[in-house]
>>> print(open('final06.cif').read())   # mmCIF, C-alpha atoms
data_structure
loop_
_atom_site.label_atom_id
_atom_site.label_comp_id
_atom_site.auth_asym_id
_atom_site.auth_seq_id
_atom_site.Cartn_x
_atom_site.Cartn_y
_atom_site.Cartn_z
CA MET U 1 -13.62 12.59 -6.71
CA PRO U 2 -16.28 9.88 -6.36
CA SER U 3 -16.99 8.20 -3.04
CA MET U 4 -18.62 5.03 -1.77
CA ASN U 5 -21.04 4.94 1.15
CA MET U 6 -19.69 2.87 4.01
CA PRO U 7 -21.18 2.15 7.48
CA TRP U 8 -18.72 4.66 8.99
CA GLY U 9 -19.09 7.42 6.35
CA THR U 10 -17.88 7.84 2.75
CA MET U 11 -14.71 6.41 1.22
CA ALA U 12 -13.16 8.41 -1.60
CA TYR U 13 -11.69 6.69 -4.63
CA THR U 14 -10.56 7.20 -8.22
CA ASP U 15 -11.16 4.92 -11.19
CA SER U 16 -9.71 5.22 -14.68
CA GLY U 17 -12.53 3.03 -15.99
CA ASP U 18 -12.71 -0.15 -18.01
CA ALA U 19 -9.52 -0.72 -20.02
CA GLY U 20 -11.13 -3.37 -22.22
CA ALA U 21 -12.16 -6.99 -22.05
CA GLY U 22 -9.67 -9.11 -20.13
CA ALA U 23 -7.66 -6.14 -18.87
CA PRO U 24 -6.37 -6.45 -15.30
CA THR U 25 -7.17 -3.91 -12.57
CA MET U 26 -4.50 -2.31 -10.41
CA LEU U 27 -5.79 -1.20 -7.01
CA PHE U 28 -3.44 1.15 -5.18
CA LEU U 29 -3.41 1.48 -1.36
CA HIS U 30 -1.50 4.41 0.16
CA GLY U 31 0.56 4.62 3.33
CA THR U 32 -0.09 6.15 6.73
CA GLY U 33 -1.06 9.82 6.54
CA CYS U 34 -0.96 9.73 2.74
CA ASP U 35 -3.69 9.76 0.09
CA ALA U 36 -4.51 8.74 -3.47
CA GLY U 37 -2.45 11.61 -4.91
CA ASP U 38 0.74 9.79 -3.96
CA TRP U 39 0.09 7.45 -6.90
CA ASP U 40 -0.43 10.12 -9.58
CA ALA U 41 3.02 9.83 -11.18
CA VAL U 42 2.94 6.02 -11.07
CA ILE U 43 -0.48 5.88 -12.71
CA ALA U 44 0.57 8.38 -15.39
CA ALA U 45 3.45 6.08 -16.35
CA LEU U 46 1.30 2.95 -16.70
CA PRO U 47 -0.06 1.74 -20.05
CA PRO U 48 -3.71 2.46 -20.96
CA THR U 49 -4.39 -1.27 -21.17
CA VAL U 50 -4.64 -1.44 -17.37
CA ARG U 51 -7.51 -0.16 -15.24
CA LYS U 52 -6.16 1.97 -12.38
CA VAL U 53 -8.11 2.39 -9.15
CA THR U 54 -7.14 4.10 -5.90
CA LEU U 55 -8.98 4.51 -2.62
CA GLU U 56 -8.39 6.55 0.51
CA PHE U 57 -8.52 4.90 3.93
CA ARG U 58 -10.79 6.10 6.73
CA GLY U 59 -9.89 9.64 7.77
CA HIS U 60 -7.31 10.02 4.99
CA GLY U 61 -7.55 12.34 2.01
CA ARG U 62 -11.19 13.03 1.17
CA SER U 63 -12.62 10.05 3.05
CA SER U 64 -14.78 10.61 6.13
CA VAL U 65 -13.40 10.45 9.65
CA PRO U 66 -15.31 7.70 11.48
CA ASN U 67 -16.99 8.54 14.75
CA ASP U 68 -16.09 5.23 16.36
CA THR U 69 -12.69 3.66 17.00
CA PHE U 70 -11.43 1.18 14.43
CA THR U 71 -8.54 -1.19 13.86
CA PHE U 72 -6.08 -2.09 11.17
CA SER U 73 -8.23 -5.10 10.26
CA ASP U 74 -11.19 -2.79 9.64
CA LEU U 75 -9.24 -1.10 6.84
CA ALA U 76 -8.83 -4.49 5.18
CA ASP U 77 -12.57 -5.11 5.52
CA ASP U 78 -13.20 -1.78 3.77
CA VAL U 79 -10.97 -2.78 0.86
CA VAL U 80 -12.65 -6.18 0.50
CA GLN U 81 -16.07 -4.51 0.52
CA PHE U 82 -14.84 -2.00 -2.08
CA ILE U 83 -13.55 -4.73 -4.41
CA GLU U 84 -16.82 -6.60 -4.16
CA ALA U 85 -19.01 -3.51 -4.62
CA MET U 86 -17.00 -2.33 -7.64
CA LYS U 87 -16.97 -5.88 -9.06
CA LEU U 88 -13.22 -5.71 -9.59
CA ARG U 89 -11.70 -8.84 -11.06
CA ARG U 90 -8.13 -10.07 -11.56
CA VAL U 91 -6.86 -7.44 -9.15
CA ILE U 92 -3.20 -6.51 -8.88
CA LEU U 93 -3.12 -5.05 -5.38
CA VAL U 94 -0.33 -2.50 -4.92
CA GLY U 95 0.24 -1.27 -1.39
CA HIS U 96 2.78 1.18 0.01
CA SER U 97 3.83 0.84 3.66
CA LEU U 98 0.58 0.64 5.65
CA GLY U 99 -1.22 -0.08 2.37
CA GLY U 100 0.99 -3.10 1.80
CA MET U 101 0.32 -4.39 5.29
CA VAL U 102 -3.41 -3.96 4.70
CA GLY U 103 -2.98 -5.81 1.40
CA MET U 104 -1.63 -8.82 3.29
CA GLN U 105 -4.93 -8.99 5.16
CA VAL U 106 -7.06 -8.35 2.07
CA ALA U 107 -5.54 -11.06 -0.15
CA PRO U 108 -6.56 -14.11 1.94
CA ARG U 109 -10.09 -12.70 2.35
CA CYS U 110 -10.67 -11.92 -1.33
CA GLY U 111 -10.32 -14.41 -4.16
CA ASP U 112 -10.24 -11.61 -6.73
CA VAL U 113 -6.70 -10.57 -5.68
CA ALA U 114 -4.41 -12.24 -8.23
CA VAL U 115 -1.09 -10.48 -7.51
CA LEU U 116 0.24 -8.58 -4.50
CA ILE U 117 2.93 -5.90 -4.81
CA LEU U 118 4.26 -4.67 -1.46
CA LEU U 119 6.23 -1.41 -1.58
CA GLU U 120 7.97 -1.46 1.78
CA GLY U 121 4.89 -3.14 3.23
CA TRP U 122 6.37 -4.50 6.42
CA THR U 123 5.86 -8.09 7.59
CA ARG U 124 5.97 -6.54 11.05
CA LEU U 125 6.20 -2.84 11.82
CA GLY U 126 9.50 -3.15 13.70
CA CYS U 127 11.34 -4.82 10.83
CA MET U 128 12.45 -1.60 9.19
CA GLY U 129 14.51 -0.50 12.18
CA LYS U 130 16.81 -3.51 11.92
CA ALA U 131 17.08 -3.84 8.15
CA PHE U 132 18.32 -0.32 7.41
CA ARG U 133 20.68 2.26 8.86
CA GLY U 134 21.07 6.01 8.49
CA GLU U 135 18.64 8.67 7.31
CA ARG U 136 16.93 6.90 4.43
CA PHE U 137 13.23 7.49 5.13
CA TYR U 138 12.72 10.26 2.55
CA GLY U 139 15.42 9.02 0.19
CA ARG U 140 16.77 11.92 -1.86
CA LEU U 141 13.54 13.91 -1.98
CA ASN U 142 14.07 17.64 -1.65
CA ALA U 143 12.93 19.78 1.28
CA ALA U 144 9.71 20.83 -0.47
CA ALA U 145 8.68 17.22 -1.07
CA THR U 146 9.55 16.02 2.43
CA GLY U 147 7.76 19.02 3.91
CA ALA U 148 4.61 18.23 1.93
CA ILE U 149 4.67 14.60 3.11
CA THR U 150 5.14 15.65 6.73
CA ARG U 151 2.37 18.24 6.62
CA LYS U 152 -0.04 15.77 5.05
CA ARG U 153 0.71 13.19 7.73
CA HIS U 154 0.25 15.69 10.57
CA THR U 155 -2.99 16.98 9.05
CA THR U 156 -4.36 13.46 8.78
CA MET U 157 -3.47 12.51 12.34
CA ALA U 158 -5.02 15.74 13.63
CA ARG U 159 -8.40 14.68 12.22
CA PHE U 160 -8.59 11.87 14.79
CA SER U 161 -8.87 12.02 18.54
CA THR U 162 -5.75 10.89 20.38
CA GLU U 163 -7.65 7.88 21.70
CA ALA U 164 -8.90 6.82 18.25
CA TRP U 165 -5.47 7.14 16.64
CA GLU U 166 -3.69 5.24 19.40
CA HIS U 167 -6.33 2.48 19.28
CA PHE U 168 -5.75 2.16 15.55
CA TRP U 169 -1.96 2.36 15.73
CA GLN U 170 -1.77 -0.28 18.45
CA SER U 171 -3.50 -2.69 16.07
CA VAL U 172 -0.87 -1.84 13.42
CA ARG U 173 1.91 -2.60 15.91
CA GLU U 174 0.35 -6.00 16.58
CA PHE U 175 0.13 -7.01 12.92
CA ASP U 176 2.27 -9.94 11.78
CA GLY U 177 2.03 -10.96 8.13
CA SER U 178 4.47 -13.86 8.30
CA GLY U 179 1.71 -16.49 8.49
CA PHE U 180 0.02 -15.22 5.35
CA LEU U 181 3.31 -14.85 3.49
CA SER U 182 4.34 -18.40 4.39
CA GLU U 183 1.14 -19.90 3.01
CA ALA U 184 0.40 -17.53 0.11
CA ARG U 185 -0.23 -19.08 -3.30
CA ILE U 186 -0.40 -15.96 -5.43
CA PRO U 187 2.57 -14.08 -6.92
CA ILE U 188 3.92 -11.59 -4.37
CA LEU U 189 6.61 -8.99 -4.99
CA GLU U 190 8.40 -7.46 -2.00
CA VAL U 191 9.89 -4.13 -3.12
CA TYR U 192 12.30 -2.08 -1.01
CA GLY U 193 14.40 1.02 -1.42
CA GLY U 194 18.10 0.18 -1.33
CA MET U 195 19.34 3.16 0.68
CA GLY U 196 20.72 2.20 4.09
CA ARG U 197 20.39 -1.52 3.46
CA VAL U 198 22.44 -3.53 5.96
CA PRO U 199 24.04 -6.94 5.40
CA GLY U 200 21.42 -9.56 6.11
CA ALA U 201 18.55 -7.14 5.52
CA GLU U 202 16.44 -9.88 3.95
CA HIS U 203 16.54 -11.83 7.21
CA GLU U 204 15.68 -8.76 9.29
CA LEU U 205 12.68 -8.01 7.08
CA ARG U 206 11.21 -11.36 8.14
CA VAL U 207 9.97 -12.37 4.69
CA PRO U 208 9.53 -16.16 4.87
CA GLU U 209 10.82 -18.45 2.16
CA ASN U 210 8.09 -19.06 -0.39
CA LEU U 211 8.47 -19.81 -4.10
CA TYR U 212 5.62 -17.38 -4.81
CA ILE U 213 7.53 -14.44 -3.27
CA GLN U 214 10.25 -12.44 -5.01
CA THR U 215 12.21 -9.50 -3.59
CA VAL U 216 13.27 -6.45 -5.61
CA TRP U 217 15.57 -3.66 -4.43
CA ILE U 218 15.30 -0.22 -6.05
CA PRO U 219 18.73 1.45 -5.83
CA ASP U 220 19.17 4.93 -4.40
CA ALA U 221 15.67 5.01 -2.92
CA GLY U 222 14.21 5.27 0.56
CA HIS U 223 10.74 4.57 1.90
CA TYR U 224 8.48 6.75 -0.28
CA LEU U 225 8.90 4.72 -3.46
CA PRO U 226 5.73 5.92 -5.29
CA ILE U 227 6.99 9.51 -5.01
CA GLU U 228 10.74 8.92 -5.26
CA LYS U 229 10.76 6.36 -8.08
CA PRO U 230 7.39 6.42 -9.87
CA PHE U 231 8.70 5.19 -13.22
CA GLU U 232 10.50 2.25 -11.65
CA VAL U 233 7.39 1.39 -9.63
CA ALA U 234 5.19 1.64 -12.73
CA LYS U 235 7.48 -0.74 -14.63
CA ILE U 236 7.39 -3.24 -11.78
CA CYS U 237 3.59 -3.07 -11.73
CA ALA U 238 3.32 -3.44 -15.51
CA ASP U 239 5.69 -6.43 -15.49
CA MET U 240 3.66 -8.15 -12.77
CA ALA U 241 0.51 -7.70 -14.87
CA GLU U 242 1.86 -10.51 -17.03
CA PHE U 243 1.01 -12.93 -14.21
CA VAL U 244 -2.70 -12.05 -14.40
#
>>> encode(input="final06.cif", output="structure tokens")
Amino acid sequence: MPSMNMPWGTMAYTDSGDAGAGAPTMLFLHGTGCDAGDWDAVIAALPPTVRKVTLEFRGHGRSSVPNDTFTFSDLADDVVQFIEAMKLRRVILVGHSLGGMVGMQVAPRCGDVAVLILLEGWTRLGCMGKAFRGERFYGRLNAAATGAITRKRHTTMARFSTEAWEHFWQSVREFDGSGFLSEARIPILEVYGGMGRVPGAEHELRVPENLYIQTVWIPDAGHYLPIEKPFEVAKICADMAEFV
């Protein structure tokens, strides 16, 4: 897996390569405690006419663990630097959970982001607790799959000192994407799993009214959409490529 030198260490990434003149690039950002492998089934279901790129955040997957503390905003800076260094153009930025929240900070800083797809990328971290009820986090994934997700998350968190992780997570708690979403002028797709959805969920998710934003619900799915519903996610991504 290739990596890019960053001031804090090396950032691992994957790149399917140039898909041809005029082809859009999909850049996939994973969730907390996850890695690029979460996108494997989605990428496999996408057409060859799209360039597919993933990266792994600081301390996740095969990326280095930084020596110094960092914040949520620093992850967005890393992504912007990556897009510029790789000379990615006409980017469809696809973010799951934390990756979607990071995407909301990347888009206004980078003119090369043409479309934003947020897979349960929360406007604010606390929104999910009010918009859903019941045990829906892992959807209908089996015990082996949920165990693998849990182990990966615990392994990732264990790479950081308690102080460094809490410093980072506090910055995630403080994030509020409503200002960006209100003013955004690029196509944005808010995608959520339908399991546990309560009446008025759209209001609780705090997605502001904006003609550039559409909401899609994937039935019978929980939070881990790239793993639970990779074919549905791939179709959503391919359909949004028409806007680029």
>>> closest_residue(input="final06.cif", among="U:Gly196, U:Gly177, U:Gly33, U:Pro230", to="U:Phe57", atoms="only C-alpha atoms")
U:Gly33
>>> atom_distance(input="final06.cif", atom1="atom CA of U:His223", atom2="atom CA of U:Ser64")
26.6 Å
>>> resolve_selection(input="final06.cif", expression="the PyMOL selection byres ((chain U and resi 211) around 12)", output="ChimeraX atom specification")
/U:181-189,207-210,212-215
>>> residues_near_point(input="final06.cif", point="(-10.3, -4.8, -11.7)", cutoff="7 Å", atoms="all atoms listed in the file", output="list in words")
Pro24, Thr25, Met26, Arg51, Leu88, Arg89, Arg90 and Val91 of chain U
>>> atom_distance(input="final06.cif", atom1="atom CA of U:Ala201", atom2="atom CA of U:Gly179")
19.5 Å
>>> residues_around(input="final06.cif", residues="stretch 72-81 of chain U", least_positions_apart="3", cutoff="10 Å", atoms="only C-alpha atoms", output="PyMOL selection string")
chain U and resi 6-8+11+27+29+55-58+69+84-87+98-99+101-107+109-113+167-175
>>> closest_residue(input="final06.cif", among="U:Tyr192, U:Tyr13, U:Trp39, U:Phe82", to="U:Ser63", atoms="all atoms listed in the file")
U:Tyr13
>>> resolve_selection(input="final06.cif", expression="the PyMOL selection byres ((chain U and resi 140) around 8)", output="ChimeraX atom specification")
/U:138-139,141-142,220-222,228
>>> closest_residue(input="final06.cif", among="U:Trp165, U:Thr150, U:Pro2, U:Gly194", to="U:Arg133", atoms="all atoms listed in the file")
U:Gly194
>>> closest_residue(input="final06.cif", among="U:Pro226, U:Gly129, U:Gly37, U:Gly134", to="U:Lys152", atoms="all atoms listed in the file")
U:Gly37
>>> closest_residue(input="final06.cif", among="U:Leu119, U:Met4, U:Ala144, U:Val65", to="U:Trp217", atoms="all atoms listed in the file")
U:Leu119
>>> resolve_selection(input="final06.cif", expression="the PyMOL selection byres ((chain U and resi 14) around 6)", output="MDAnalysis selection string")
chainID U and resid 13 15 53:54
>>> residues_near_point(input="final06.cif", point="(-6.5, 11.5, 8.4)", cutoff="8 Å", atoms="all atoms listed in the file", output="number ranges by chain")
U: 33, 58-61, 65, 153, 155-160
>>> build_atoms(input="final06.cif", residues="stretch 115-144 of chain U", atoms="N, CA and C atoms", output="compact mmCIF listing (two decimals), keeping the file's coordinate frame")
# COMPACT_ATOMS: atom_id res chain seq x y z
N VAL U 115 -2.51 -10.81 -7.71
CA VAL U 115 -1.09 -10.48 -7.51
C VAL U 115 -1.01 -9.44 -6.40
N LEU U 116 0.04 -9.54 -5.59
CA LEU U 116 0.24 -8.58 -4.50
C LEU U 116 1.63 -7.96 -4.65
N ILE U 117 1.67 -6.63 -4.72
CA ILE U 117 2.93 -5.90 -4.81
C ILE U 117 3.05 -5.05 -3.55
N LEU U 118 4.07 -5.33 -2.74
CA LEU U 118 4.26 -4.67 -1.46
C LEU U 118 5.45 -3.72 -1.55
N LEU U 119 5.18 -2.42 -1.54
CA LEU U 119 6.23 -1.41 -1.58
C LEU U 119 6.56 -1.02 -0.15
N GLU U 120 7.61 -1.63 0.38
CA GLU U 120 7.97 -1.46 1.78
C GLU U 120 6.74 -1.67 2.68
N GLY U 121 6.01 -2.72 2.38
CA GLY U 121 4.89 -3.14 3.23
C GLY U 121 5.42 -4.16 4.23
N TRP U 122 5.61 -3.74 5.44
CA TRP U 122 6.37 -4.50 6.42
C TRP U 122 5.64 -5.76 6.88
N THR U 123 6.40 -6.87 6.99
CA THR U 123 5.86 -8.09 7.59
C THR U 123 5.44 -7.82 9.03
N ARG U 124 6.29 -7.09 9.74
CA ARG U 124 5.97 -6.54 11.05
C ARG U 124 6.50 -5.11 11.08
N LEU U 125 5.85 -4.25 11.84
CA LEU U 125 6.20 -2.84 11.82
C LEU U 125 7.65 -2.60 12.24
N GLY U 126 8.15 -3.38 13.19
CA GLY U 126 9.50 -3.15 13.70
C GLY U 126 10.61 -3.61 12.80
N CYS U 127 10.29 -4.28 11.69
CA CYS U 127 11.34 -4.82 10.83
C CYS U 127 12.24 -3.75 10.24
N MET U 128 11.68 -2.60 9.91
CA MET U 128 12.45 -1.60 9.19
C MET U 128 13.61 -1.08 10.01
N GLY U 129 13.46 -1.04 11.34
CA GLY U 129 14.51 -0.50 12.18
C GLY U 129 15.77 -1.33 12.19
N LYS U 130 15.66 -2.62 11.90
CA LYS U 130 16.81 -3.51 11.92
C LYS U 130 17.40 -3.77 10.53
N ALA U 131 16.63 -3.52 9.51
CA ALA U 131 17.08 -3.84 8.15
C ALA U 131 17.81 -2.69 7.47
N PHE U 132 17.72 -1.50 8.04
CA PHE U 132 18.32 -0.32 7.41
C PHE U 132 19.06 0.52 8.45
N ARG U 133 19.98 1.33 7.98
CA ARG U 133 20.68 2.26 8.86
C ARG U 133 20.71 3.64 8.20
N GLY U 134 20.93 4.66 9.01
CA GLY U 134 21.07 6.01 8.49
C GLY U 134 19.73 6.67 8.17
N GLU U 135 19.82 7.88 7.66
CA GLU U 135 18.64 8.67 7.31
C GLU U 135 18.21 8.32 5.89
N ARG U 136 17.34 7.34 5.77
CA ARG U 136 16.93 6.90 4.43
C ARG U 136 15.43 7.03 4.20
N PHE U 137 14.68 7.53 5.19
CA PHE U 137 13.23 7.49 5.13
C PHE U 137 12.70 8.24 3.91
N TYR U 138 13.20 9.45 3.67
CA TYR U 138 12.72 10.26 2.55
C TYR U 138 13.62 10.13 1.31
N GLY U 139 14.55 9.19 1.34
CA GLY U 139 15.42 9.02 0.19
C GLY U 139 16.15 10.30 -0.15
N ARG U 140 16.12 10.68 -1.41
CA ARG U 140 16.77 11.92 -1.86
C ARG U 140 15.75 12.99 -2.25
N LEU U 141 14.54 12.88 -1.71
CA LEU U 141 13.54 13.91 -1.98
C LEU U 141 14.02 15.25 -1.42
N ASN U 142 13.65 16.32 -2.11
CA ASN U 142 14.07 17.64 -1.65
C ASN U 142 13.22 18.13 -0.48
N ALA U 143 13.60 19.27 0.08
CA ALA U 143 12.93 19.78 1.28
C ALA U 143 11.46 20.07 1.03
N ALA U 144 11.11 20.53 -0.16
CA ALA U 144 9.71 20.83 -0.47
C ALA U 144 8.88 19.55 -0.45
